[in-house]
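*Asks:* Enclosed is the structure file input-v1.cif (mmCIF, C-alpha atoms and all ligand atoms).
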data_work
#
loop_
_atom_site.label_atom_id
_atom_site.label_comp_id
_atom_site.auth_asym_id
_atom_site.auth_seq_id
_atom_site.Cartn_x
_atom_site.Cartn_y
_atom_site.Cartn_z
CA MET W 1 0.00 0.00 0.00
CA LEU W 2 0.99 3.67 -0.21
CA ALA W 3 1.82 5.29 3.12
CA MET W 4 3.46 8.43 4.39
CA ASN W 5 7.04 7.77 5.47
CA TYR W 6 8.86 10.12 7.89
CA ARG W 7 12.51 10.58 6.88
CA GLY W 8 13.55 13.21 9.47
CA PRO W 9 12.63 16.82 10.25
CA TYR W 10 10.98 18.58 7.27
CA ARG W 11 11.28 15.41 5.15
CA VAL W 12 8.27 13.26 4.43
CA ARG W 13 7.36 11.20 1.39
CA VAL W 14 5.02 8.46 0.24
CA ASP W 15 6.42 4.93 -0.01
CA ARG W 16 5.14 1.40 -0.39
CA LYS W 17 4.61 -0.44 2.91
CA PRO W 18 2.94 -3.79 3.71
CA VAL W 19 -0.83 -3.63 4.20
CA PRO W 20 -1.47 -3.99 7.98
CA VAL W 21 -3.33 -7.02 9.31
CA CYS W 22 -5.26 -7.72 12.52
CA GLU W 23 -2.56 -8.55 15.08
CA HIS W 24 -4.92 -8.94 18.03
CA VAL W 25 -8.44 -10.32 18.38
CA GLN W 26 -9.78 -6.81 19.12
CA ASP W 27 -8.17 -5.17 16.05
CA ALA W 28 -9.74 -3.99 12.82
CA VAL W 29 -8.11 -2.89 9.56
CA VAL W 30 -9.58 0.22 7.94
CA ARG W 31 -9.22 1.35 4.31
CA VAL W 32 -8.71 5.09 4.55
CA THR W 33 -11.02 7.40 2.59
CA ARG W 34 -9.95 10.78 4.04
CA THR W 35 -7.07 11.78 6.33
CA CYS W 36 -5.90 15.20 7.50
CA ILE W 37 -2.65 16.86 8.44
CA CYS W 38 -2.93 18.49 11.88
CA GLY W 39 -0.99 21.22 13.68
CA SER W 40 0.11 18.38 15.97
CA ASP W 41 1.76 16.69 12.98
CA LEU W 42 3.73 19.89 12.46
CA HIS W 43 5.39 19.44 15.88
CA LEU W 44 6.57 16.03 14.60
CA TYR W 45 7.52 17.44 11.19
CA HIS W 46 9.56 20.18 12.86
CA GLY W 47 11.44 17.60 14.95
CA LEU W 48 10.04 18.78 18.31
CA VAL W 49 8.62 15.48 19.59
CA PRO W 50 11.06 13.01 21.19
CA ASP W 51 11.44 9.51 19.75
CA THR W 52 9.86 10.27 16.38
CA ARG W 53 11.39 7.43 14.41
CA VAL W 54 12.40 7.48 10.78
CA GLY W 55 10.10 5.15 8.86
CA MET W 56 6.98 5.97 10.87
CA THR W 57 3.65 6.78 9.22
CA PHE W 58 1.95 9.81 10.80
CA GLY W 59 -1.77 10.57 10.74
CA HIS W 60 -4.20 10.59 13.68
CA GLU W 61 -7.17 12.10 11.82
CA PHE W 62 -8.76 9.59 9.45
CA ILE W 63 -11.99 7.94 8.41
CA GLY W 64 -12.41 4.82 6.33
CA VAL W 65 -14.15 1.57 5.53
CA VAL W 66 -13.69 -1.50 7.74
CA GLU W 67 -11.90 -4.18 5.67
CA GLU W 68 -11.18 -6.81 8.31
CA VAL W 69 -12.16 -7.39 11.96
CA GLY W 70 -10.55 -9.56 14.62
CA PRO W 71 -12.66 -12.40 16.09
CA ALA W 72 -13.45 -10.52 19.34
CA VAL W 73 -14.85 -7.39 17.62
CA LYS W 74 -18.61 -7.12 18.15
CA ASN W 75 -19.62 -3.55 17.22
CA LEU W 76 -18.11 -3.28 13.73
CA SER W 77 -18.67 -5.19 10.51
CA VAL W 78 -16.73 -5.33 7.28
CA GLY W 79 -18.00 -2.52 5.04
CA ASP W 80 -18.91 -0.06 7.83
CA HIS W 81 -17.72 3.51 7.12
CA VAL W 82 -16.23 4.71 10.39
CA LEU W 83 -14.62 7.78 11.88
CA VAL W 84 -11.76 6.90 14.19
CA PRO W 85 -10.93 9.16 17.19
CA PHE W 86 -7.27 10.16 17.35
CA ASN W 87 -6.86 8.63 20.83
CA ILE W 88 -6.27 4.90 21.02
CA ALA W 89 -8.13 3.82 24.15
CA CYS W 90 -8.83 0.45 25.77
CA GLY W 91 -12.25 1.44 27.15
CA GLN W 92 -11.67 -0.58 30.33
CA CYS W 93 -8.97 1.07 32.45
CA HIS W 94 -9.38 3.45 35.39
CA PHE W 95 -9.14 6.50 33.10
CA CYS W 96 -11.23 5.27 30.16
CA LYS W 97 -14.03 4.43 32.63
CA GLN W 98 -14.13 8.15 33.58
CA GLY W 99 -14.38 9.19 29.93
CA LEU W 100 -10.72 10.24 29.89
CA PHE W 101 -10.07 8.43 26.60
CA GLY W 102 -7.05 10.67 25.89
CA ASN W 103 -5.40 9.40 29.07
CA CYS W 104 -5.83 5.64 28.62
CA HIS W 105 -3.47 3.69 30.86
CA GLU W 106 -3.30 0.53 28.74
CA SER W 107 -2.77 1.54 25.12
CA ASN W 108 0.55 3.25 25.88
CA SER W 109 1.58 1.53 29.07
CA GLN W 110 5.24 2.61 28.80
CA ALA W 111 4.24 6.24 29.41
CA SER W 112 2.79 7.74 32.56
CA ALA W 113 1.48 10.98 31.02
CA VAL W 114 0.13 10.70 27.49
CA GLY W 115 -2.15 7.92 26.24
CA ALA W 116 -1.68 6.43 22.77
CA ILE W 117 -2.24 8.42 19.58
CA TYR W 118 -2.11 7.10 16.01
CA GLY W 119 1.06 8.07 14.16
CA TYR W 120 2.42 10.24 16.94
CA SER W 121 5.95 9.00 17.75
CA HIS W 122 6.93 6.23 20.13
CA THR W 123 6.26 8.51 23.09
CA ALA W 124 2.58 8.14 22.15
CA GLY W 125 2.75 4.39 21.71
CA GLY W 126 4.49 3.96 18.35
CA TYR W 127 1.33 3.04 16.42
CA ASP W 128 1.43 3.74 12.67
CA GLY W 129 -1.11 6.33 11.60
CA GLY W 130 -3.71 6.92 8.93
CA GLN W 131 -1.84 8.96 6.29
CA ALA W 132 -1.89 5.74 4.32
CA GLU W 133 -4.22 3.55 2.32
CA TYR W 134 -4.84 1.18 5.25
CA VAL W 135 -4.39 1.40 9.00
CA ARG W 136 -4.56 -1.06 11.88
CA VAL W 137 -7.12 0.04 14.50
CA PRO W 138 -6.59 -1.52 17.96
CA TYR W 139 -9.49 -1.85 20.47
CA ALA W 140 -11.82 -1.61 17.49
CA ASP W 141 -14.97 -1.85 19.62
CA VAL W 142 -13.99 1.24 21.65
CA GLY W 143 -12.94 4.15 19.40
CA PRO W 144 -14.50 3.89 15.94
CA CYS W 145 -17.96 5.34 15.39
CA LYS W 146 -20.12 4.58 12.36
CA ILE W 147 -20.54 7.71 10.27
CA PRO W 148 -24.22 8.75 10.19
CA SER W 149 -25.57 8.08 6.69
CA ASN W 150 -26.53 11.73 6.10
CA MET W 151 -23.15 13.13 7.21
CA ASP W 152 -20.69 14.63 4.70
CA LEU W 153 -17.36 12.76 4.84
CA ASP W 154 -15.53 16.08 5.10
CA ASP W 155 -17.43 16.85 8.31
CA ALA W 156 -16.81 13.31 9.56
CA VAL W 157 -13.04 13.48 9.21
CA LEU W 158 -12.92 16.67 11.27
CA LEU W 159 -14.82 14.89 14.05
CA THR W 160 -11.73 12.73 14.65
CA ASP W 161 -9.88 15.68 16.26
CA VAL W 162 -10.44 19.34 15.30
CA VAL W 163 -14.09 19.62 16.32
CA PRO W 164 -13.82 17.76 19.66
CA THR W 165 -10.55 19.52 20.51
CA GLY W 166 -11.96 22.98 19.83
CA TYR W 167 -15.14 22.11 21.70
CA GLN W 168 -13.25 20.68 24.68
CA ALA W 169 -11.07 23.80 24.81
CA ALA W 170 -14.24 25.85 25.29
CA GLU W 171 -15.78 23.30 27.66
CA MET W 172 -12.70 23.17 29.92
CA ALA W 173 -12.74 26.98 30.05
CA GLY W 174 -15.99 26.86 32.05
CA ILE W 175 -17.40 29.80 30.08
CA GLN W 176 -20.17 31.69 31.90
CA PRO W 177 -22.88 33.64 30.04
CA GLY W 178 -21.48 36.93 28.76
CA ASP W 179 -17.81 36.03 29.30
CA THR W 180 -15.03 37.53 27.22
CA VAL W 181 -13.05 34.70 25.66
CA VAL W 182 -9.64 35.18 24.05
CA VAL W 183 -8.39 32.40 21.78
CA PHE W 184 -4.70 32.37 20.88
CA GLY W 185 -4.18 30.67 17.52
CA ALA W 186 -6.34 30.89 14.38
CA GLY W 187 -5.47 27.43 13.14
CA PRO W 188 -8.28 24.89 12.71
CA VAL W 189 -8.31 24.15 16.46
CA GLY W 190 -8.39 27.79 17.58
CA ILE W 191 -11.06 28.66 15.00
CA MET W 192 -13.22 25.77 16.23
CA ALA W 193 -12.63 26.73 19.88
CA ALA W 194 -13.76 30.30 19.14
CA ARG W 195 -16.82 29.06 17.29
CA CYS W 196 -17.71 26.71 20.17
CA ALA W 197 -17.21 29.46 22.77
CA TRP W 198 -20.53 30.94 21.54
CA LEU W 199 -22.28 27.59 22.16
CA PHE W 200 -21.27 27.92 25.83
CA GLY W 201 -22.69 31.44 26.11
CA ALA W 202 -19.69 33.71 25.52
CA GLY W 203 -20.53 37.40 25.21
CA ARG W 204 -17.39 38.44 23.33
CA VAL W 205 -14.85 36.31 21.41
CA ILE W 206 -11.39 37.57 20.41
CA VAL W 207 -8.91 35.62 18.26
CA ILE W 208 -5.18 36.43 18.15
CA ASP W 209 -2.70 35.20 15.48
CA HIS W 210 -0.22 36.73 13.04
CA ILE W 211 -1.48 35.14 9.82
CA ASP W 212 -3.90 37.61 8.24
CA TYR W 213 -5.76 35.19 5.96
CA ARG W 214 -6.56 32.98 8.95
CA LEU W 215 -7.71 35.97 10.99
CA ASP W 216 -9.92 37.08 8.09
CA PHE W 217 -11.51 33.63 8.04
CA ALA W 218 -12.00 33.64 11.83
CA ARG W 219 -13.63 37.08 11.71
CA THR W 220 -16.59 35.82 9.72
CA TYR W 221 -16.65 32.09 10.48
CA CYS W 222 -16.43 32.13 14.29
CA PRO W 223 -17.42 35.08 14.25
CA ALA W 224 -14.82 36.94 16.31
CA GLU W 225 -12.93 40.16 16.80
CA VAL W 226 -9.49 39.41 15.39
CA TYR W 227 -6.08 40.97 16.00
CA ASN W 228 -2.67 40.38 14.44
CA PHE W 229 -0.20 40.33 17.34
CA ARG W 230 2.53 41.76 15.07
CA SER W 231 0.52 44.97 14.85
CA LEU W 232 0.11 45.24 18.63
CA GLU W 233 2.98 46.66 20.63
CA ASP W 234 2.24 44.26 23.48
CA PRO W 235 -0.67 41.79 23.14
CA VAL W 236 -1.07 41.49 26.92
CA VAL W 237 -1.36 45.25 27.45
CA PHE W 238 -3.75 45.49 24.51
CA LEU W 239 -5.98 42.73 25.88
CA LYS W 240 -6.04 44.32 29.33
CA LYS W 241 -7.01 47.69 27.84
CA THR W 242 -9.84 46.23 25.80
CA THR W 243 -11.30 44.46 28.86
CA ASP W 244 -11.64 47.48 31.19
CA SER W 245 -8.13 46.77 32.53
CA LEU W 246 -9.43 43.60 34.20
CA GLY W 247 -8.33 40.98 31.71
CA ALA W 248 -10.34 38.37 29.83
CA ASP W 249 -12.55 35.94 31.74
CA VAL W 250 -11.09 33.06 29.78
CA CYS W 251 -7.98 32.54 27.64
CA ILE W 252 -7.53 29.51 25.40
CA ASP W 253 -4.11 28.38 24.17
CA ALA W 254 -4.69 26.77 20.78
CA VAL W 255 -1.10 27.30 19.62
CA GLY W 256 1.24 25.00 21.56
CA GLY W 257 4.98 24.57 21.25
CA ASP W 258 5.49 26.06 17.80
CA ALA W 259 4.42 29.55 18.94
CA ALA W 260 6.00 32.62 17.36
CA GLY W 261 6.21 36.07 18.92
CA SER W 262 9.13 35.80 21.37
CA ALA W 263 12.75 35.50 20.25
CA LEU W 264 13.67 34.05 23.66
CA HIS W 265 11.11 31.22 23.58
CA THR W 266 11.76 30.47 19.93
CA LEU W 267 15.47 30.13 20.70
CA LEU W 268 15.06 28.06 23.87
CA GLY W 269 11.98 26.08 22.88
CA THR W 270 12.27 25.35 19.18
CA LYS W 271 15.90 25.94 18.19
CA LEU W 272 17.92 24.72 21.21
CA LYS W 273 15.08 22.52 22.53
CA LEU W 274 15.88 23.43 26.14
CA GLU W 275 12.16 24.03 26.75
CA GLY W 276 9.39 21.60 25.76
CA GLY W 277 8.43 23.96 22.91
CA SER W 278 8.01 27.72 22.75
CA ALA W 279 5.40 28.74 25.34
CA THR W 280 4.78 32.30 24.10
CA ALA W 281 1.02 31.98 23.64
CA LEU W 282 0.70 30.36 27.05
CA HIS W 283 2.58 33.30 28.63
CA TRP W 284 0.22 35.71 26.96
CA ALA W 285 -2.80 33.67 28.08
CA ILE W 286 -1.69 33.60 31.73
CA ASN W 287 -0.80 37.27 31.75
CA SER W 288 -3.93 38.54 29.99
CA VAL W 289 -6.58 36.51 31.80
CA LYS W 290 -8.22 38.30 34.73
CA LYS W 291 -7.62 37.40 38.37
CA GLY W 292 -9.60 34.26 39.18
CA GLY W 293 -9.98 33.51 35.45
CA VAL W 294 -9.45 30.27 33.54
CA VAL W 295 -6.70 29.34 31.11
CA SER W 296 -7.64 26.36 28.97
CA ILE W 297 -4.75 24.69 27.13
CA VAL W 298 -5.15 22.38 24.17
CA GLY W 299 -1.92 23.46 22.43
CA VAL W 300 0.59 20.63 22.59
CA TYR W 301 3.93 20.91 24.39
CA GLY W 302 6.82 18.50 24.81
CA PRO W 303 7.48 16.60 28.03
CA THR W 304 10.32 18.81 29.33
CA GLY W 305 9.63 21.98 31.35
CA ASN W 306 8.75 25.43 30.05
CA LEU W 307 9.57 28.81 31.53
CA ILE W 308 5.95 29.61 32.29
CA PRO W 309 5.11 32.38 34.80
CA ILE W 310 3.81 30.15 37.56
CA GLY W 311 4.08 32.99 40.12
CA ASN W 312 1.44 34.91 38.17
CA VAL W 313 -0.78 31.82 38.10
CA VAL W 314 -0.62 31.60 41.91
CA ASN W 315 -0.92 35.30 42.64
CA LYS W 316 -3.84 35.80 40.25
CA GLY W 317 -5.67 32.67 41.41
CA ILE W 318 -5.91 31.32 37.89
CA THR W 319 -7.45 27.94 37.15
CA ILE W 320 -5.53 26.06 34.48
CA ARG W 321 -7.27 23.22 32.66
CA ALA W 322 -5.62 21.19 29.94
CA ASN W 323 -5.83 17.87 28.16
CA GLN W 324 -5.74 15.94 24.97
CA ALA W 325 -9.33 15.93 23.74
CA SER W 326 -11.45 13.00 24.82
CA VAL W 327 -12.94 12.49 21.37
CA LYS W 328 -15.16 9.50 22.02
CA ARG W 329 -16.89 11.14 24.99
CA LEU W 330 -17.84 14.20 22.93
CA LEU W 331 -18.95 12.59 19.65
CA PRO W 332 -22.71 12.18 20.34
CA ARG W 333 -23.08 15.87 21.28
CA LEU W 334 -20.97 17.09 18.37
CA ILE W 335 -22.85 14.99 15.82
CA GLU W 336 -26.04 16.67 17.10
CA HIS W 337 -24.48 20.14 16.71
CA ILE W 338 -23.48 19.34 13.11
CA GLU W 339 -26.85 17.85 12.23
CA ALA W 340 -28.60 20.91 13.69
CA GLY W 341 -26.36 23.22 11.62
CA ARG W 342 -24.75 24.86 14.67
CA LEU W 343 -21.30 23.64 13.58
CA ASN W 344 -20.08 23.48 9.99
CA PRO W 345 -16.60 21.94 10.21
CA LYS W 346 -16.02 21.21 6.53
CA ALA W 347 -15.80 24.95 5.82
CA LEU W 348 -12.29 24.80 7.32
CA ILE W 349 -11.03 22.53 4.55
CA THR W 350 -9.07 24.61 2.06
CA HIS W 351 -7.01 21.89 0.36
CA LYS W 352 -7.90 18.40 -0.83
CA VAL W 353 -4.77 16.68 -2.06
CA PRO W 354 -3.93 13.15 -3.30
CA LEU W 355 -1.92 11.21 -0.67
CA GLU W 356 0.90 10.92 -3.22
CA GLU W 357 1.44 14.71 -2.92
CA ILE W 358 1.94 14.60 0.84
CA ALA W 359 5.32 16.34 0.84
CA ASP W 360 3.80 19.42 -0.82
CA ALA W 361 0.81 19.33 1.51
CA TYR W 362 3.04 19.31 4.62
CA HIS W 363 5.11 22.17 3.25
CA ILE W 364 2.09 24.33 2.36
CA PHE W 365 0.38 23.73 5.74
CA SER W 366 3.59 24.23 7.74
CA ALA W 367 4.65 27.41 5.94
CA LYS W 368 1.03 28.74 5.93
CA LEU W 369 1.04 29.22 2.16
CA ASP W 370 -1.76 29.44 -0.36
CA GLY W 371 -4.45 30.40 2.17
CA CYS W 372 -4.16 26.99 3.82
CA ILE W 373 -6.29 26.34 6.89
CA LYS W 374 -6.91 22.58 6.84
CA PRO W 375 -5.53 20.12 4.28
CA VAL W 376 -7.21 16.78 3.67
CA LEU W 377 -5.40 13.93 1.92
CA VAL W 378 -7.29 11.47 -0.23
CA PRO W 379 -5.53 8.11 -0.78
CA PRO W 380 -6.05 6.18 -4.03
CA SER W 381 -7.78 3.51 -1.90
CA ALA W 382 -10.59 6.00 -1.15
CA HIS W 383 -12.07 5.20 -4.53
CA GLY W 384 -12.52 1.52 -3.59
N1 LIG D 401 -5.11 18.77 22.96
C1 LIG D 401 -5.49 18.13 21.86
O1 LIG D 401 -6.23 17.15 21.93
C2 LIG D 401 -5.08 18.63 20.52
C3 LIG D 401 -5.66 18.12 19.36
C4 LIG D 401 -5.31 18.70 18.13
C5 LIG D 401 -4.38 19.71 18.08
N2 LIG D 401 -3.79 20.14 19.22
C6 LIG D 401 -2.81 21.21 19.24
O2 LIG D 401 -3.50 22.44 19.03
C7 LIG D 401 -2.59 23.39 18.47
C8 LIG D 401 -3.22 24.02 17.23
O3 LIG D 401 -3.46 23.05 16.22
P1 LIG D 401 -3.82 23.53 14.75
O4 LIG D 401 -4.08 22.31 13.93
O5 LIG D 401 -4.85 24.60 14.79
O6 LIG D 401 -2.38 24.14 14.33
P2 LIG D 401 -1.88 25.27 13.30
O7 LIG D 401 -0.40 25.16 13.26
O8 LIG D 401 -2.63 25.18 12.01
O9 LIG D 401 -2.32 26.63 14.01
C9 LIG D 401 -1.58 27.27 14.99
C10 LIG D 401 -1.77 28.77 14.81
O10 LIG D 401 -1.13 29.46 15.89
C11 LIG D 401 -0.60 30.66 15.36
N3 LIG D 401 0.38 31.24 16.29
C12 LIG D 401 1.72 31.05 16.36
N4 LIG D 401 2.23 31.74 17.40
C13 LIG D 401 1.19 32.37 18.01
C14 LIG D 401 1.08 33.22 19.13
N5 LIG D 401 2.15 33.53 19.89
N6 LIG D 401 -0.15 33.71 19.47
C15 LIG D 401 -1.25 33.39 18.72
N7 LIG D 401 -1.20 32.59 17.64
C16 LIG D 401 0.01 32.08 17.29
C17 LIG D 401 -0.05 30.22 14.03
O11 LIG D 401 0.19 31.32 13.16
C18 LIG D 401 -1.14 29.28 13.51
O12 LIG D 401 -2.11 29.95 12.74
C19 LIG D 401 -1.30 22.60 18.17
O13 LIG D 401 -0.38 22.75 19.25
C20 LIG D 401 -1.78 21.17 18.15
O14 LIG D 401 -0.74 20.26 18.46
C21 LIG D 401 -4.14 19.62 20.44
ZN ZN D 402 -4.90 16.40 15.07
ZN ZN D 403 -7.96 2.74 28.83
#
So that I can check it, write out the structure of this file as structure tokens.
Ligand SMILES: NC(=O)c1ccc[n+]([C@@H]2O[C@H](COP(=O)([O-])OP(=O)(O)OC[C@H]3O[C@@H](n4cnc5c(N)ncnc54)[C@H](O)[C@@H]3O)[C@@H](O)[C@H]2O)c1
Ligand SMILES: [Zn+2]
Ligand SMILES: [Zn+2]
*Replies:*
Amino acid sequence: MLAMNYRGPYRVRVDRKPVPVCEHVQDAVVRVTRTCICGSDLHLYHGLVPDTRVGMTFGHEFIGVVEEVGPAVKNLSVGDHVLVPFNIACGQCHFCKQGLFGNCHESNSQASAVGAIYGYSHTAGGYDGGQAEYVRVPYADVGPCKIPSNMDLDDAVLLTDVVPTGYQAAEMAGIQPGDTVVVFGAGPVGIMAARCAWLFGAGRVIVIDHIDYRLDFARTYCPAEVYNFRSLEDPVVFLKKTTDSLGADVCIDAVGGDAAGSALHTLLGTKLKLEGGSATALHWAINSVKKGGVVSIVGVYGPTGNLIPIGNVVNKGITIRANQASVKRLLPRLIEHIEAGRLNPKALITHKVPLEEIADAYHIFSAKLDGCIKPVLVPPSAHG
């Protein structure tokens, strides 16, 4: 089959690999019909995630048709079109039982922090991902969800990560009616978080980035007030001034370890790798939220420490909430929102590219070229 093959930082290509098979009685094999590149893949592509091995296939956002099921699988049949949450979860452990599917204790038992994620380095379990024609799906009765027959496949593929992550960012923020919500990052996740903030009753939504075409999209899609941080002398001072000097009720970090905007963090976090990524957006979030406010973090950082202003967190009485999204827990609610027309995820898709052109797609998405917001890859296998 054709599959993405990681060759080292900034180098990906498509190669031939063996078609995966069921290795365990609870496995399924899925023929991929759509798969996305995510901002999380960019952390891998930029060489920021430890133990990202040459030869790995990335891809944690995919949908496809079930081709084979192991003998213990009860909920899926060959031919079902399924969307597969990015978390690999056992469904049985202490954490899965609480709905914390992103923190499963079994699927990545070598790690004490992160659960398993498709195609996300050996720190996240070492499972090959879905930027391929076929993918092995462990615990097949737990994660995959049959795609409702009336749902557009482009909406379905965004339910594997972007929609639940944006929604959970807003949910974790504990938004109260009328709250001012600031979202750092106008990538697909930040845009979705800003859109979902309204569902929780926000009174004002502000999005900060430095890519104008993304801000323009956010202005009408979310909708939100948008600001380019390059045109602000100091984003924290600006945000304080525009909130009666109190600060925002809620700040959401939808940027993570690739953040721009501070030469110091870029040097320490992304060039020298002395920090677990550049925490510039997180600094701004902590410093521009009001006393007693909430900072909700979905941006991804590496396992080592960051120079974050913890003294300000204590002195301001800030609540910090963070996690990998628990996709499976949120799916029923999000399918309802899409069916009711309250969420329209497919509007984020700007590029639909054959899997064979994956190197170009990574480059365009990483360098923010060509108006790219969300690229979707279509493997030759999608056509049956
Ligand atoms: N927690 C989860 O479950 C989960 C799931 C998916 C993605 N993520 C993470 O969410 C983050 C966003 O993902 P994405 O797909 O939208 O990525 P993306 O790379 O498309 O978007 C990130 C955006 O942040 C902007 N940015 C850079 N520095 C900034 C700063 N200092 N302030 C404000 N904006 C800044 C960039 O210009 C870009 O538009 C990534 O860190 C990704 O790993 C987390
Ligand atoms: Zn993702
Ligand atoms: Zn589990």
*Asks:* Just to confirm, what's the straight-line distance from atom CA of W:Gly371 to atom CA of W:Ala194 in Å (one decimal)?
*Replies:*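 Taking atom CA of W:Gly371 as the start and atom CA of W:Ala194 as the end point, the length is 19.4 Å.
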*Asks:* Between atom CA of W:Val14 and atom CA of W:Lys352, what is the distance in Å, rounded to a tenth?
*Replies:*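 Taking atom CA of W:Val14 and atom CA of W:Lys352, their separation equals 16.3 Å.
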*Asks:* Can you pull out every residue within 8 Å of W:His60, counting all atoms listed in the file, but drop anything in the same chain fewer than 2 positions away, and send it as a short mmCIF file (atom, residue, chain, number, x, y, z; two decimals) with C-alpha atoms, in the coordinates of the input?
*Replies:*
data_model
loop_
_atom_site.label_atom_id
_atom_site.label_comp_id
_atom_site.auth_asym_id
_atom_site.auth_seq_id
_atom_site.Cartn_x
_atom_site.Cartn_y
_atom_site.Cartn_z
CA THR W 35 -7.07 11.78 6.33
CA CYS W 36 -5.90 15.20 7.50
CA PHE W 58 1.95 9.81 10.80
CA PHE W 62 -8.76 9.59 9.45
CA PRO W 85 -10.93 9.16 17.19
CA PHE W 86 -7.27 10.16 17.35
CA ASN W 87 -6.86 8.63 20.83
CA ILE W 117 -2.24 8.42 19.58
CA TYR W 118 -2.11 7.10 16.01
CA GLY W 119 1.06 8.07 14.16
CA TYR W 120 2.42 10.24 16.94
CA GLY W 129 -1.11 6.33 11.60
CA GLY W 130 -3.71 6.92 8.93
CA GLN W 131 -1.84 8.96 6.29
CA THR W 160 -11.73 12.73 14.65
#
*Asks:* Could you pull out the residues sitting within 6 Å of ligand ZN 403 (chain D), using only C-alpha atoms and all ligand atoms, and write them as number ranges by chain?
*Replies:* W: 89-93, 95-96, 104-106
*Asks:* To one decimal place, how far is atom CA of W:Asp154 from atom CA of W:Tyr127 in Å?
*Replies:* 24.1 Å
*Asks:* Just checking: using all atoms listed in the file, which residue out of W:Gln168, W:Ser40, W:Thr242, W:Ser77 ends up closest to ligand LIG 401 (chain D)?
*Replies:*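 Once distances to ligand LIG 401 (chain D) are computed over all atoms listed in the file, the minimum belongs to W:Ser40.
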*Asks:* Fewer than 6 positions away in the same chain doesn't count, so skip those; otherwise give me all residues within 12 Å of W:Asp155, counting only C-alpha atoms, as a list of chain:residue names.
*Replies:*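 Non-adjacent residues within range: W:Arg34, W:Thr35, W:Cys36, W:Glu61, W:Phe62, W:Ile63, W:Leu83, W:Ile147, W:Pro148, W:Asp161, W:Val162, W:Val163, W:Pro164, W:Leu334, W:Ile335, W:His337, W:Ile338, W:Glu339, W:Gly341, W:Leu343, W:Asn344, W:Pro345, W:Lys346, W:Ala347, W:Leu348, W:Ile349, W:Val376.
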*Asks:* Extract, using all atoms listed in the file, all DNA, RNA and protein residues at most 7 Å from W:Asn5, discarding same-chain residues fewer than 2 positions from it, and format them as a PyMOL selection string.
*Replies:* chain W and resi 3+7+12-15+55-57
*Asks:* Save the residues we just selected, C-alpha atoms, as a CSV table (one decimal), in the coordinates of the input?
*Replies:*
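Just written: out-v4.csv:
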chain,number,residue,atom,x,y,z
W,3,ALA,CA,1.8,5.3,3.1
W,7,ARG,CA,12.5,10.6,6.9
W,12,VAL,CA,8.3,13.3,4.4
W,13,ARG,CA,7.4,11.2,1.4
W,14,VAL,CA,5.0,8.5,0.2
W,15,ASP,CA,6.4,4.9,0.0
W,55,GLY,CA,10.1,5.2,8.9
W,56,MET,CA,7.0,6.0,10.9
W,57,THR,CA,3.6,6.8,9.2
*Asks:* Nearest residue to W:Lys241 out of W:Leu369, W:Val289, W:Ala197, W:Val189, using all atoms listed in the file?
*Replies:*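 That would be W:Val289, the residue with the smallest distance to W:Lys241.
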*Asks:* Edge lengths and centre, in Å to one decimal, as AutoDock Vina command-line options: that's what I need for the box along x, y and z that holds all listed atoms of stretch 334-344 of chain W plus 6 Å on each side.
*Replies:*
--center_x -24.3 --center_y 19.9 --center_z 14.2 --size_x 20.5 --size_y 21.9 --size_z 20.4
*Asks:* Hey, which of W:Gly190, W:Pro223, W:Pro138, W:Gly201 ends up closest to W:Ala28? Count only C-alpha atoms.
*Replies:*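 Of the candidates, the smallest distance to W:Ala28 is held by W:Pro138.
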*Asks:* Give me the residues within 12 Å of stretch 66-68 of chain W as a PyMOL selection string, counting only C-alpha atoms and dropping any in the same chain fewer than 6 places off.
*Replies:* chain W and resi 19-33+75-84+133-138+140-141+144-147+381+384
*Asks:* For each of W:Asn315, W:Val181, W:Leu159, W:Pro380, take the minimum atom-to-atom distance to W:Arg333, counting all atoms listed in the file, then give the residue where this is smallest.
*Replies:*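 Among the listed residues, the smallest separation from W:Arg333 belongs to W:Leu159.
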*Asks:* Can you list, as a list in words, every protein, DNA or RNA residue that comes within 12 Å of W:Ser231 when you count only C-alpha atoms, leaving out same-chain residues fewer than 5 positions away?
*Replies:*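 Non-adjacent residues within range: Ile208, Asp209, His210, Ile211, Asp212, Val226, Phe238 and Gly261 of chain W.
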*Asks:* Please produce an output containing C-alpha atoms for each residue in the selection, written as an mmCIF file, keeping the file's coordinate frame.
*Replies:*
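New file again_39.cif:
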data_model
loop_
_atom_site.group_PDB
_atom_site.id
_atom_site.type_symbol
_atom_site.label_atom_id
_atom_site.label_comp_id
_atom_site.auth_asym_id
_atom_site.auth_seq_id
_atom_site.Cartn_x
_atom_site.Cartn_y
_atom_site.Cartn_z
ATOM 1 C CA ILE W 208 -5.180 36.430 18.150
ATOM 2 C CA ASP W 209 -2.700 35.200 15.480
ATOM 3 C CA HIS W 210 -0.220 36.730 13.040
ATOM 4 C CA ILE W 211 -1.480 35.140 9.820
ATOM 5 C CA ASP W 212 -3.900 37.610 8.240
ATOM 6 C CA VAL W 226 -9.490 39.410 15.390
ATOM 7 C CA PHE W 238 -3.750 45.490 24.510
ATOM 8 C CA GLY W 261 6.210 36.070 18.920
#
*Asks:* For the point (-10.0, 32.1, 33.7) in file coordinates, what residues are within 12 Å, counting all atoms listed in the file? Give the answer as a PyMOL selection string?
*Replies:* chain W and resi 170+172-176+179-182+246-253+285-297+313+316-321
